[in-house]
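*Asks:* Supplied structure: target-v6.cif, mmCIF, C-alpha atoms.
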```
data_work
loop_
_atom_site.label_atom_id
_atom_site.label_comp_id
_atom_site.auth_asym_id
_atom_site.auth_seq_id
_atom_site.Cartn_x
_atom_site.Cartn_y
_atom_site.Cartn_z
CA MET A 9 124.42 121.57 102.95
CA LYS A 10 120.98 120.56 104.18
CA ILE A 11 120.03 116.91 103.75
CA PRO A 12 116.36 116.38 102.80
CA ASN A 13 114.28 114.82 105.57
CA SER A 14 113.19 111.95 103.33
CA ILE A 15 116.83 110.91 102.90
CA LYS A 16 117.67 111.50 106.53
CA TYR A 17 114.71 109.67 108.07
CA ASN A 18 112.97 107.43 105.52
CA LEU A 19 115.81 106.11 103.37
CA PRO A 20 117.42 104.26 106.31
CA ASP A 21 114.10 102.49 107.00
CA GLY A 22 113.81 101.36 103.39
CA LEU A 23 117.43 100.22 103.32
CA TRP A 24 116.97 98.36 106.59
CA PHE A 25 113.94 96.51 105.20
CA TYR A 26 115.77 95.66 101.97
CA ALA A 27 118.73 94.37 103.98
CA LEU A 28 116.41 92.22 106.11
CA LEU A 29 114.78 90.67 103.04
CA SER A 30 118.16 90.10 101.40
CA THR A 31 119.57 88.48 104.53
CA ILE A 32 116.61 86.12 104.78
CA SER A 33 117.02 85.29 101.11
CA ILE A 34 120.72 84.47 101.57
CA VAL A 35 120.24 82.46 104.78
CA TRP A 36 117.29 80.36 103.58
CA LYS A 37 118.36 79.99 99.95
CA GLU A 38 119.76 76.50 100.45
CA TYR A 39 116.92 75.31 102.64
CA SER A 40 113.37 74.26 101.98
CA SER A 41 111.39 76.82 100.06
CA VAL A 42 108.66 76.64 102.72
CA TYR A 43 111.00 78.30 105.22
CA PHE A 44 112.02 80.94 102.70
CA VAL A 45 108.41 81.92 101.96
CA ARG A 46 107.43 81.87 105.65
CA TRP A 47 110.32 84.10 106.75
CA ILE A 48 109.85 86.55 103.90
CA PHE A 49 106.10 86.74 104.57
CA LEU A 50 106.62 87.14 108.31
CA SER A 51 109.17 89.93 107.85
CA ILE A 52 106.85 91.81 105.48
CA VAL A 53 103.89 91.53 107.84
CA LEU A 54 105.85 92.53 110.94
CA THR A 55 107.53 95.47 109.22
CA TYR A 56 104.28 96.99 107.98
CA LEU A 57 102.43 96.06 111.17
CA SER A 58 104.99 97.80 113.36
CA GLU A 59 104.47 101.04 111.45
CA ILE A 60 100.67 100.73 111.48
CA LEU A 61 100.60 99.99 115.22
CA GLN A 62 102.53 103.21 115.77
CA ALA A 63 99.64 105.09 114.13
CA PHE A 64 97.27 103.77 116.81
CA TYR A 65 99.75 104.36 119.66
CA ILE A 66 99.84 100.64 120.43
CA ILE A 67 103.62 100.57 120.23
CA PRO A 68 105.96 103.51 120.81
CA GLY A 69 107.20 105.43 117.82
CA THR A 70 106.10 107.97 115.27
CA PHE A 71 103.93 106.82 112.39
CA ASP A 72 105.05 108.11 109.01
CA TRP A 73 103.44 107.51 105.63
CA TYR A 74 106.83 107.96 104.00
CA ASP A 75 108.19 105.03 106.02
CA LEU A 76 105.46 102.85 104.50
CA LEU A 77 106.42 104.21 101.08
CA ALA A 78 110.09 103.42 101.74
CA TYR A 79 109.14 99.86 102.79
CA THR A 80 107.07 99.42 99.65
CA ILE A 81 109.87 100.67 97.38
CA ALA A 82 112.33 98.35 99.13
CA LEU A 83 109.93 95.42 98.75
CA PHE A 84 109.51 96.05 95.01
CA MET A 85 113.27 96.47 94.57
CA PHE A 86 113.90 93.18 96.38
CA TYR A 87 111.23 91.42 94.33
CA PHE A 88 112.46 92.61 90.95
CA ILE A 89 116.13 92.04 91.75
CA ASN A 90 115.41 88.51 93.02
CA LEU A 91 112.50 87.71 90.71
CA LYS A 92 113.91 84.46 89.33
CA GLU A 93 114.77 83.02 92.76
CA ILE A 94 111.47 84.10 94.34
CA ASN A 95 109.41 82.55 91.56
CA LYS A 96 111.40 79.32 91.83
CA GLN A 97 110.82 79.18 95.60
CA LEU A 98 107.10 79.90 95.21
CA LEU A 99 106.76 77.21 92.55
CA LEU A 100 108.49 74.68 94.83
CA THR A 101 106.53 75.74 97.90
CA PHE A 102 103.08 75.51 96.40
CA LYS A 103 103.95 72.70 93.96
CA ILE A 104 102.77 74.77 91.02
CA THR A 105 103.47 73.15 87.68
CA LYS A 106 103.99 75.06 84.48
CA THR A 107 101.58 74.14 81.71
#
```
For the file at hand, write its structure as structure tokens.
*Replies:*
Amino acid sequence: MKIPNSIKYNLPDGLWFYALLSTISIVWKEYSSVYFVRWIFLSIVLTYLSEILQAFYIIPGTFDWYDLLAYTIALFMFYFINLKEINKQLLLTFKITKT
């Protein structure tokens, strides 16, 4: 049985990114929301940046649009699964009040 290339090569990247976001969420859940937002933001930027820098041969690796798609799907999955917690952390971080 032949495994599709998208499952063989891109799914692990998306799962890795989801696992990273989930780990950060678990580790920083009990701490200040500022740290949570900073670590999540930093991981998103570095993940996408590493793939983009591969496109310009700045770092070694092979650029793949499907990796970016896998990252984006993982990011949306993480967001929607953790929507309540993320919104709470953002409200606390930026001191946004509900009106």
*Asks:* What does the distance from CA of Tyr56 in chain A to CA of Phe25 in chain A come to in Å, to one decimal?
*Replies:*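 Computing the Euclidean distance for CA of Tyr56 in chain A and CA of Phe25 in chain A yields 10.1 Å.
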*Asks:* I want to know what sits within 10 Å of Trp24 in chain A, based on all atoms listed in the file, with residues of the same chain fewer than 5 positions away left out; could you give that as a short mmCIF file (atom, residue, chain, number, x, y, z; two decimals) with C-alpha atoms, keeping the file's coordinate frame?
*Replies:*
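Produced file selection.cif, reproduced below:
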```cif
data_model
loop_
_atom_site.label_atom_id
_atom_site.label_comp_id
_atom_site.auth_asym_id
_atom_site.auth_seq_id
_atom_site.Cartn_x
_atom_site.Cartn_y
_atom_site.Cartn_z
CA ASN A 18 112.97 107.43 105.52
CA LEU A 19 115.81 106.11 103.37
CA LEU A 29 114.78 90.67 103.04
CA SER A 30 118.16 90.10 101.40
CA ALA A 78 110.09 103.42 101.74
CA TYR A 79 109.14 99.86 102.79
CA ALA A 82 112.33 98.35 99.13
#
```
*Asks:* With distances taken over all atoms listed in the file, which residue among A:Lys37, A:Leu54, A:Tyr26, A:Phe64 lies nearest Phe88 in chain A?
*Replies:*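 Closest to Phe88 in chain A of all the choices is A:Tyr26.
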*Asks:* Write out as number ranges by chain which residues come within 12 Å of Ile34 in chain A when counting all atoms listed in the file, dropping same-chain ones fewer than 2 positions away.
*Replies:* A: 27-32, 36-39, 44, 47-48, 90, 93-94
*Asks:* Quick one: distance from CA of Tyr17 in chain A to CA of Leu50 in chain A in Å, one decimal?
*Replies:*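 Separation between CA of Tyr17 in chain A and CA of Leu50 in chain A: 23.9 Å.
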*Asks:* For a test of reading the model, state the distance in Å between CA of Val42 in chain A and CA of Gln97 in chain A, rounded to one decimal.
*Replies:* 7.9 Å
*Asks:* Need to verify the contact set: range 67-76 of chain A, 12 Å, all atoms listed in the file, exclusion of same-chain residues closer than 6 positions in sequence. Can you return it as a PDB file with C-alpha atoms, keeping the file's coordinate frame?
*Replies:*
```pdb
ATOM      1  CA  ASN A  13     114.280 114.820 105.570  1.00  0.00           C
ATOM      2  CA  SER A  14     113.190 111.950 103.330  1.00  0.00           C
ATOM      3  CA  ILE A  15     116.830 110.910 102.900  1.00  0.00           C
ATOM      4  CA  LYS A  16     117.670 111.500 106.530  1.00  0.00           C
ATOM      5  CA  TYR A  17     114.710 109.670 108.070  1.00  0.00           C
ATOM      6  CA  ASN A  18     112.970 107.430 105.520  1.00  0.00           C
ATOM      7  CA  LEU A  19     115.810 106.110 103.370  1.00  0.00           C
ATOM      8  CA  PRO A  20     117.420 104.260 106.310  1.00  0.00           C
ATOM      9  CA  ASP A  21     114.100 102.490 107.000  1.00  0.00           C
ATOM     10  CA  GLY A  22     113.810 101.360 103.390  1.00  0.00           C
ATOM     11  CA  LEU A  23     117.430 100.220 103.320  1.00  0.00           C
ATOM     12  CA  TRP A  24     116.970  98.360 106.590  1.00  0.00           C
ATOM     13  CA  PHE A  25     113.940  96.510 105.200  1.00  0.00           C
ATOM     14  CA  ILE A  52     106.850  91.810 105.480  1.00  0.00           C
ATOM     15  CA  VAL A  53     103.890  91.530 107.840  1.00  0.00           C
ATOM     16  CA  THR A  55     107.530  95.470 109.220  1.00  0.00           C
ATOM     17  CA  TYR A  56     104.280  96.990 107.980  1.00  0.00           C
ATOM     18  CA  LEU A  57     102.430  96.060 111.170  1.00  0.00           C
ATOM     19  CA  SER A  58     104.990  97.800 113.360  1.00  0.00           C
ATOM     20  CA  GLU A  59     104.470 101.040 111.450  1.00  0.00           C
ATOM     21  CA  ILE A  60     100.670 100.730 111.480  1.00  0.00           C
ATOM     22  CA  LEU A  61     100.600  99.990 115.220  1.00  0.00           C
ATOM     23  CA  ALA A  82     112.330  98.350  99.130  1.00  0.00           C
ATOM     24  CA  LEU A  83     109.930  95.420  98.750  1.00  0.00           C
TER      25      LEU A  83
END
```
*Asks:* Go through A:Ile11, A:Ile66, A:Val35, A:Val45 and flag the residue nearest Lys96 in chain A, using only C-alpha atoms for the distances.
*Replies:*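 Nearest to Lys96 in chain A: A:Val45.
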*Asks:* From the set A:Ile89, A:Thr80, A:Asn95, A:Tyr65, which residue has the shortest atom-to-atom contact distance to Ser41 in chain A, counting all atoms listed in the file?
*Replies:*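 Smallest distance to Ser41 in chain A is found for A:Asn95.
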*Asks:* With 6 Å of padding per side, what axis-aligned box (centre and edge lengths, Å, one decimal) covers all the listed atoms of range 76-95 of chain A? Give it as JSON.
*Replies:*
```
{"center_x": 110.8, "center_y": 93.4, "center_z": 96.9, "size_x": 22.7, "size_y": 33.7, "size_z": 27.2}
```
